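Structure file structure-v7.txt with compact mmCIF, C-alpha atoms:
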# COMPACT_ATOMS: atom_id res chain seq x y z
CA MET U 22 306.33 118.17 179.12
CA LYS U 23 305.40 116.56 175.80
CA SER U 24 303.66 113.76 177.71
CA ASP U 25 301.63 116.33 179.72
CA LEU U 26 300.59 117.99 176.48
CA SER U 27 299.52 114.79 174.78
CA SER U 28 297.72 113.69 177.95
CA SER U 29 295.75 116.94 178.03
CA LYS U 30 294.99 116.52 174.32
CA ARG U 31 293.73 113.00 174.99
CA TRP U 32 291.50 114.29 177.78
CA GLY U 33 290.29 117.09 175.60
CA LYS U 34 289.32 114.61 172.90
CA ARG U 35 287.59 112.37 175.44
CA LEU U 36 285.63 115.29 176.83
CA LEU U 37 284.70 116.32 173.32
CA VAL U 38 283.38 112.82 172.61
CA ILE U 39 281.38 112.84 175.86
CA GLY U 40 280.04 116.31 175.09
CA ARG U 41 279.00 115.55 171.53
CA VAL U 42 277.38 112.24 172.53
CA ALA U 43 275.45 114.01 175.33
CA LEU U 44 274.39 116.76 172.93
CA GLY U 45 273.41 114.20 170.29
CA ILE U 46 271.30 112.26 172.78
CA ILE U 47 269.62 115.48 173.98
CA PHE U 48 268.64 116.35 170.40
CA ILE U 49 267.38 112.83 169.71
CA VAL U 50 265.32 112.79 172.92
CA ALA U 51 263.93 116.27 172.13
CA ALA U 52 262.89 115.09 168.67
CA TYR U 53 261.40 111.86 170.00
CA MET U 54 259.33 113.70 172.63
CA LYS U 55 257.88 116.00 169.97
CA MET U 56 257.16 113.26 167.44
CA LYS U 57 255.97 110.40 169.65
CA PRO U 58 252.27 109.55 169.36
CA GLN U 59 249.87 111.09 171.83
CA PRO U 60 248.13 108.87 174.38
CA ALA U 61 245.64 106.44 172.79
CA MET U 62 247.48 106.54 169.46
CA ALA U 63 249.80 104.00 167.87
CA TRP U 64 252.94 104.84 165.90
CA SER U 65 251.97 105.85 162.38
CA LEU U 66 252.58 108.72 160.00
CA ALA U 67 249.16 110.12 160.97
CA SER U 68 249.93 110.01 164.70
CA ILE U 69 253.31 111.70 164.12
CA GLU U 70 251.49 114.35 162.09
CA THR U 71 249.13 114.91 165.03
CA SER U 72 252.04 115.25 167.45
CA LEU U 73 253.73 117.75 165.15
CA SER U 74 250.45 119.68 164.89
CA MET U 75 250.34 119.78 168.68
CA PHE U 76 253.94 121.01 168.72
CA ALA U 77 252.83 123.72 166.25
CA MET U 78 250.41 125.02 168.90
CA GLY U 79 253.35 125.33 171.29
CA VAL U 80 255.45 127.16 168.70
CA ASP U 81 252.53 129.46 167.91
CA SER U 82 252.04 130.35 171.56
CA TYR U 83 255.46 132.09 171.56
CA GLN U 84 253.79 134.74 169.33
CA ILE U 85 257.00 135.32 167.39
CA LEU U 86 256.39 133.73 163.99
CA PRO U 87 253.60 134.13 161.44
CA VAL U 88 251.34 131.13 160.84
CA TRP U 89 253.18 129.89 157.74
CA ALA U 90 256.51 129.97 159.61
CA VAL U 91 254.99 128.23 162.63
CA ARG U 92 253.86 125.39 160.34
CA LEU U 93 257.28 125.19 158.72
CA VAL U 94 259.19 125.16 162.02
CA ALA U 95 256.81 122.74 163.74
CA HIS U 96 256.95 120.19 160.93
CA TRP U 97 260.64 120.36 160.09
CA LEU U 98 262.36 121.15 163.38
CA PRO U 99 261.79 117.76 165.11
CA PRO U 100 263.00 115.65 162.14
CA PHE U 101 265.98 118.00 161.80
CA GLU U 102 266.72 117.63 165.53
CA LEU U 103 266.69 113.87 165.06
CA LEU U 104 269.07 114.13 162.10
CA LEU U 105 271.34 116.53 163.97
CA GLY U 106 271.39 114.24 167.02
CA VAL U 107 272.48 111.27 164.90
CA TRP U 108 274.99 113.47 163.07
CA LEU U 109 276.54 114.57 166.39
CA LEU U 110 276.74 110.95 167.52
CA THR U 111 278.67 109.96 164.41
CA GLY U 112 281.20 112.75 164.99
CA LEU U 113 281.43 113.43 161.24
CA ALA U 114 282.09 117.05 160.28
CA LEU U 115 281.81 117.93 163.95
CA ARG U 116 282.59 121.60 163.45
CA ALA U 117 279.52 122.01 161.24
CA SER U 118 277.15 119.87 163.35
CA SER U 119 278.23 121.45 166.66
CA LEU U 120 277.98 124.95 165.19
CA ILE U 121 274.43 124.24 164.01
CA ALA U 122 273.58 122.76 167.43
CA ALA U 123 274.97 125.81 169.26
CA LEU U 124 273.08 128.19 166.96
CA MET U 125 269.85 126.24 167.42
CA ILE U 126 270.12 126.16 171.21
CA SER U 127 270.98 129.89 171.23
CA ALA U 128 267.85 130.56 169.16
CA PHE U 129 265.70 128.46 171.53
CA PHE U 130 267.16 130.29 174.51
CA LEU U 131 266.47 133.69 172.96
CA ALA U 132 262.88 132.69 172.11
CA MET U 133 262.26 131.47 175.64
CA THR U 134 263.80 134.57 177.21
CA SER U 135 261.69 136.76 174.94
CA ALA U 136 258.50 134.89 175.89
CA TYR U 137 259.36 135.10 179.57
CA GLU U 138 260.10 138.83 179.35
CA ARG U 139 256.78 139.42 177.61
CA GLY U 140 255.03 137.71 180.51
CA LEU U 141 253.84 134.73 178.47
CA THR U 142 253.23 131.72 180.68
CA ILE U 143 253.42 129.08 178.00
CA SER U 144 254.72 125.61 177.46
CA CYS U 145 258.39 125.58 176.43
CA GLY U 146 257.88 122.80 173.88
CA CYS U 147 261.56 121.87 174.22
CA PHE U 148 260.95 118.23 175.08
CA GLY U 149 257.33 117.95 174.00
CA PRO U 150 254.29 119.65 175.46
CA GLY U 151 253.64 120.42 179.09
CA GLU U 152 256.89 121.98 180.29
CA GLN U 153 256.34 125.60 181.33
CA ILE U 154 258.77 128.41 180.60
CA GLY U 155 260.03 129.84 183.85
CA PRO U 156 263.24 130.56 185.72
CA ARG U 157 264.00 126.84 186.13
CA ARG U 158 263.69 126.08 182.42
CA LEU U 159 265.73 129.18 181.52
CA ILE U 160 268.48 128.16 183.94
CA GLU U 161 268.53 124.61 182.52
CA GLU U 162 268.81 125.98 179.01
CA GLY U 163 271.17 128.87 179.76
CA VAL U 164 273.45 127.23 182.32
CA MET U 165 273.54 123.64 181.09
CA LEU U 166 272.50 123.17 177.47
CA LEU U 167 273.88 126.33 175.89
CA PRO U 168 277.32 126.06 177.56
CA LEU U 169 277.46 122.37 176.60
CA ALA U 170 276.71 123.18 172.97
CA LEU U 171 279.21 126.06 172.97
CA ALA U 172 281.87 123.89 174.63
CA VAL U 173 281.43 121.14 172.03
CA CYS U 174 281.53 123.70 169.23
CA ILE U 175 284.67 125.42 170.55
CA GLY U 176 286.24 122.02 171.28
CA ALA U 177 285.53 120.84 167.75
CA PHE U 178 287.16 123.91 166.23
CA LEU U 179 290.18 123.75 168.59
CA THR U 180 290.70 120.06 167.91
CA ALA U 181 290.51 120.62 164.18
CA ARG U 182 293.02 123.47 164.43
CA ARG U 183 295.40 121.37 166.51
CA GLU U 184 295.15 118.56 164.00
CA ASN U 185 295.89 120.99 161.18
CA GLU U 186 298.88 122.32 163.10
CA GLY U 187 299.92 118.74 163.79
CA ASP U 188 299.94 118.04 160.04
CA GLN U 189 302.63 120.68 159.67
CA SER U 190 304.72 119.65 162.70
CA PRO U 191 308.48 119.12 162.17
CA LEU U 192 308.16 115.41 162.91
CA GLU U 193 305.66 114.84 160.15
CA VAL U 194 307.60 117.04 157.75
CA THR U 195 310.61 114.87 158.43
CA VAL U 196 308.62 111.74 157.66
CA GLY U 197 307.46 113.44 154.49
CA LEU U 198 311.02 114.24 153.54
CA GLY U 199 312.01 110.67 154.24
CA ASP U 200 309.25 109.45 152.01
CA THR U 201 310.34 111.84 149.35
CA ALA U 202 313.94 110.77 149.77
CA ARG U 203 312.91 107.15 149.47
CA ARG U 204 311.09 107.91 146.22
CA MET N 2 234.74 129.64 164.08
CA ILE N 3 235.40 126.74 166.40
CA ALA N 4 231.69 126.68 167.20
CA SER N 5 230.44 126.75 163.61
CA ASP N 6 233.09 124.43 162.17
CA TYR N 7 233.47 121.84 164.89
CA ILE N 8 231.09 122.12 167.83
CA THR N 9 227.76 122.46 166.03
CA SER N 10 228.66 119.53 163.80
CA GLY N 11 229.46 117.41 166.84
CA LYS N 12 233.12 116.90 165.96
CA VAL N 13 234.43 118.66 169.06
CA TYR N 14 232.89 119.00 172.49
CA LEU N 15 233.95 122.20 174.24
CA VAL N 16 233.92 122.50 178.01
CA HIS N 17 234.65 125.90 179.47
CA HIS N 18 236.08 126.23 182.97
CA ASP N 19 236.82 129.38 184.93
CA PHE N 20 240.18 129.91 186.54
CA PRO N 21 240.24 133.52 187.75
CA LEU N 22 243.84 134.27 188.60
CA GLN N 23 244.57 135.97 191.90
CA ALA N 24 247.02 138.29 190.15
CA HIS N 25 244.18 139.84 188.12
CA MET N 26 242.12 142.05 190.38
CA TYR N 27 238.76 141.73 188.65
CA SER N 28 239.05 138.20 187.26
CA GLY N 29 236.82 136.65 189.96
CA LEU N 30 234.16 139.27 189.39
CA ALA N 31 234.30 138.69 185.63
CA ALA N 32 233.79 134.96 186.20
CA ARG N 33 230.81 135.79 188.38
CA TRP N 34 229.27 137.98 185.66
CA ALA N 35 229.84 135.28 183.04
CA ASN N 36 228.24 132.62 185.21
CA ALA N 37 225.30 134.89 185.95
CA ALA N 38 224.93 135.46 182.19
CA ALA N 39 224.87 131.69 181.71
CA ARG N 40 221.73 131.61 183.87
CA VAL N 41 219.91 133.63 181.20
CA GLY N 42 221.49 131.79 178.27
CA GLU N 43 223.95 134.53 177.31
CA PHE N 44 227.24 132.92 178.30
CA PRO N 45 228.96 132.67 174.87
CA GLU N 46 228.24 136.32 174.07
CA VAL N 47 229.44 137.55 177.46
CA GLU N 48 232.52 135.32 177.41
CA ALA N 49 233.49 136.72 173.99
CA ALA N 50 232.86 140.31 175.11
CA LEU N 51 234.92 139.87 178.26
CA TYR N 52 237.74 138.19 176.37
CA ASP N 53 237.81 140.87 173.67
CA ASN N 54 237.84 143.73 176.20
CA GLN N 55 240.03 142.17 178.85
CA ASP N 56 242.56 145.00 178.93
CA ALA N 57 239.83 147.64 179.38
CA TRP N 58 237.83 146.07 182.21
CA GLY N 59 240.99 144.59 183.71
CA ALA N 60 242.18 148.15 184.31
CA SER N 61 238.91 149.91 185.16
CA GLY N 62 236.89 147.12 186.76
CA ASP N 63 233.85 148.23 184.77
CA ILE N 64 232.75 144.76 183.69
CA ALA N 65 229.04 145.62 183.60
CA LYS N 66 229.62 147.95 180.64
CA TYR N 67 230.82 145.10 178.41
CA VAL N 68 228.29 142.59 179.70
CA ALA N 69 225.47 145.06 179.00
CA ALA N 70 226.71 145.59 175.45
CA ALA N 71 226.72 141.86 174.79
CA MET N 72 223.05 141.12 175.43
CA PRO N 73 219.53 142.60 175.22
CA ALA N 74 218.72 145.16 177.94
CA ALA N 75 216.05 142.97 179.55
CA ASP N 76 218.48 140.07 179.92
CA PHE N 77 221.13 142.38 181.32
CA LYS N 78 218.70 143.57 184.02
CA ARG N 79 218.22 139.95 185.13
CA VAL N 80 221.96 139.29 185.15
CA GLU N 81 222.62 142.50 187.04
CA VAL N 82 220.12 141.52 189.75
CA LEU N 83 221.87 138.16 190.13
CA VAL N 84 225.31 139.70 190.45
CA LYS N 85 224.20 142.52 192.75
CA SER N 86 222.70 139.94 195.11
CA CYS N 87 226.22 138.68 195.82
CA GLU N 88 227.81 140.52 198.69
CA SER N 89 230.91 138.44 199.25
CA PRO N 90 234.15 138.96 197.31
CA ALA N 91 234.33 136.92 194.11
CA PRO N 92 236.53 133.80 194.37
CA THR N 93 239.91 133.57 192.68
CA SER N 94 242.71 131.02 192.68
CA THR N 95 244.99 131.21 195.69
CA TRP N 96 248.76 130.86 195.91
CA ASP N 97 248.48 128.07 198.49
CA HIS N 98 245.69 126.28 196.58
CA SER N 99 243.33 126.67 199.52
CA ASP N 100 239.55 126.71 199.10
CA PRO N 101 238.72 130.22 197.84
CA LEU N 102 235.34 130.12 199.59
CA ALA N 103 236.64 128.80 202.92
CA LYS N 104 236.52 132.18 204.64
CA ASP N 105 233.24 133.21 203.06
CA PRO N 106 230.18 132.53 205.28
CA HIS N 107 227.68 133.38 202.54
CA PRO N 108 229.09 132.52 199.13
CA CYS N 109 227.15 133.59 196.11
CA ALA N 110 225.17 130.79 194.44
CA PHE N 111 227.28 130.56 191.29
CA ASP N 112 230.58 130.99 193.12
CA TYR N 113 230.48 127.28 193.94
CA ALA N 114 230.84 126.46 190.26
CA VAL N 115 233.82 128.81 190.00
CA ARG N 116 235.33 127.26 193.13
CA ASP N 117 234.97 123.75 191.62
CA ASP N 118 236.62 124.95 188.42
CA ILE N 119 239.50 126.45 190.38
CA GLU N 120 240.03 123.19 192.27
CA LEU N 121 240.00 121.29 188.97
CA GLY N 122 242.55 123.76 187.66
CA TYR N 123 244.90 123.08 190.57
CA LYS N 124 244.95 119.40 189.59
CA ILE N 125 246.07 120.04 185.98
CA PRO N 126 247.87 122.29 187.14
CA VAL N 127 246.79 125.52 185.46
CA GLN N 128 249.65 128.03 185.54
CA ALA N 129 248.27 130.52 183.07
CA THR N 130 245.10 131.41 181.25
CA PRO N 131 243.99 130.34 178.80
CA THR N 132 245.01 126.73 179.43
CA TYR N 133 243.58 124.02 177.20
CA VAL N 134 243.31 120.31 177.88
CA ILE N 135 242.34 118.17 174.91
CA THR N 136 240.81 114.78 175.55
CA TYR N 137 240.89 112.23 172.74
CA LYS N 138 239.24 108.82 173.05
CA GLY N 139 239.11 109.27 176.82
CA GLN N 140 242.82 110.07 177.09
CA LYS N 141 243.94 113.51 178.22
CA LEU N 142 246.68 115.02 176.07
CA PRO N 143 249.26 117.20 177.84
CA ALA N 144 247.84 120.58 178.80
CA GLY N 145 248.93 123.60 176.79
CA SER N 146 248.63 127.27 177.52
CA GLY N 147 248.78 130.56 175.72
CA THR N 148 247.10 132.02 172.70
CA VAL N 149 246.93 129.77 169.64
CA SER N 150 246.03 131.07 166.17
CA TRP N 151 242.88 129.61 164.68
CA PRO N 152 244.58 128.08 161.59
CA ILE N 153 247.03 126.23 163.85
CA LEU N 154 244.31 124.98 166.20
CA LYS N 155 242.18 123.96 163.22
CA GLN N 156 245.10 122.03 161.75
CA PHE N 157 245.46 120.16 165.04
CA PHE N 158 241.74 119.32 165.20
CA ASP N 159 241.78 118.11 161.60
CA SER N 160 244.82 115.98 162.25
CA LEU N 161 243.24 114.52 165.37
CA LEU N 162 239.92 113.83 163.66
CA ALA N 163 241.73 112.14 160.77
CA GLN N 164 243.06 109.48 163.16
CA GLN N 165 241.47 106.07 162.80

Would you put the structure from the file into structure tokens?
Amino acid sequence: MKSDLSSSKRWGKRLLVIGRVALGIIFIVAAYMKMKPQPAMAWSLASIETSLSMFAMGVDSYQILPVWAVRLVAHWLPPFELLLGVWLLTGLALRASSLIAALMISAFFLAMTSAYERGLTISCGCFGPGEQIGPRRLIEEGVMLLPLALAVCIGAFLTARRENEGDQSPLEVTVGLGDTARR
Amino acid sequence: MIASDYITSGKVYLVHHDFPLQAHMYSGLAARWANAAARVGEFPEVEAALYDNQDAWGASGDIAKYVAAAMPAADFKRVEVLVKSCESPAPTSTWDHSDPLAKDPHPCAFDYAVRDDIELGYKIPVQATPTYVITYKGQKLPAGSGTVSWPILKQFFDSLLAQQ
């Protein structure tokens, strides 16, 4: 029984690693696609600036944010996605990183659903320009990405809780007592 | 603003293409009016008037009212004669991407230009209007669609023009 439990815990941890690595890679790819230089341009700060300005046009086409907010989101979201992707890969403070990832993907999904409901046929901007918002994109986001992010987030919190409970298990208390006794 | 800030100075070259969507009942007719207006040198004015009043003529079909308001009466008379000479239905995009003039034995003279634009649009592919394709140093950037605020578009142009 104990072996079954530890085996399921091991699998849970493995799945959590796979999930957070997948999520991390998705965020890194999304950031790269938004920041990479446009055709006929080499990598430079200026070419990244141009790509971010192009991404700003995509953000603006959602008709949700005022111009100042569009500029802010367009110029800070891709670098933050890159940072978040790397953060997820490291696995450090996973509860925080996975919660941020889940909130971000939820926000993207809501924005896309809103645009679709308003009849806007615009580029999603999720992985760079050119990808239209439509049923397919909404399904990809709502059935694959969002559940993945939520699963990693829930998994991270459950694992942390189990570990906390494990800290107070009788076995470890006994070890503690032994240590105390030794002292 | 795009014209005064970028086109007149030669920084940006603007090419307009028509892509009347089948879903919009009067879009083909509006393209026909705009192309007829181009024959008398009134295209920019008519394009702006049609864009600004899209909801009104899109519902009523009264395109002539907005075209007439956008140009001198004498010019409008000439444009009206051109449009009234067209008897066939105005071309629009088709769901199966077929030639919109294929079933038309006597297409109107400027419908060919609209047809060519539609076929070009299929290749992009245009899925909504407006769609914009920006070409930089001979390379096409990915097409975008939807309304973009002028400050955001200007920022993009400035960024692009600042490239070495």

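Here the question is which of U:Leu131, U:Leu169, U:Leu179, U:Ala67 gets nearest to chain N using all atoms listed in the file, and that residue is U:Ala67.
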
What residues in chain N have any atom no more than 6 Å from chain U when counting all atoms listed in the file, and can you write them as a PDB file with C-alpha atoms, keeping the file's coordinate frame?
ATOM      1  CA  ALA N 129     248.270 130.520 183.070  1.00  0.00           C
ATOM      2  CA  PRO N 143     249.260 117.200 177.840  1.00  0.00           C
ATOM      3  CA  ALA N 144     247.840 120.580 178.800  1.00  0.00           C
ATOM      4  CA  SER N 146     248.630 127.270 177.520  1.00  0.00           C
ATOM      5  CA  GLY N 147     248.780 130.560 175.720  1.00  0.00           C
ATOM      6  CA  THR N 148     247.100 132.020 172.700  1.00  0.00           C
ATOM      7  CA  VAL N 149     246.930 129.770 169.640  1.00  0.00           C
ATOM      8  CA  PHE N 157     245.460 120.160 165.040  1.00  0.00           C
ATOM      9  CA  SER N 160     244.820 115.980 162.250  1.00  0.00           C
ATOM     10  CA  LEU N 161     243.240 114.520 165.370  1.00  0.00           C
TER      11      LEU N 161
END

Query - Spatial neighbours of segment 109-120 of chain N, 12 Å, all atoms listed in the file, chain gap at least 2 places, as a VMD selection string - result: chain N and resid 16 to 23 28 to 40 80 83 to 103 105 to 107 122 to 128 130

**Report entry** 8 Å contact set for Phe178 of chain U, all atoms listed in the file, chain neighbours under 4 positions out, as a list in words
**Finding:** Arg116, Cys174 and Arg182 of chain U

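Reported to one decimal place, the separation of atom CA of Tyr53 of chain U from atom CA of Ser135 of chain U is 25.4 Å.
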
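Considering the residues N:Leu154, N:Tyr52, N:Ala163, N:Thr136 and counting all atoms listed in the file, Asp6 of chain N has its shortest atom-to-atom contact with N:Leu154.
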
Query - Within 12 Å of file point (283.0, 117.7, 179.0), counting all atoms listed in the file, expressed as a ChimeraX atom specification - result: /U:32-44,165-166,168-177

Report task. Pick out the residues sitting within 9 Å of segment 63-66 of chain N, and hand them over as a list in words; count all atoms listed in the file, and ignore anything fewer than 4 positions along from it in its own chain. Result -> Tyr27, Leu30, Ala31, Trp34, Leu51, Ala57, Trp58, Gly59, Ala70, Ala71, Phe77 and Glu81 of chain N

Query - atom CA of Leu105 of chain U to atom CA of Ala128 of chain U, distance in Å rounded to a single decimal - result: 15.4 Å

Requested in this report: Measure the distance from atom CA of Phe148 of chain U to atom CA of Trp108 of chain U in Å and round it to one decimal.
Outcome: 19.1 Å

Axis-aligned box over every listed atom of segment 113-131 of chain U, padded by 8 Å per side: centre and edges in Å to one decimal, as JSON?
{"center_x": 274.1, "center_y": 123.6, "center_z": 167.4, "size_x": 32.9, "size_y": 36.3, "size_z": 30.2}
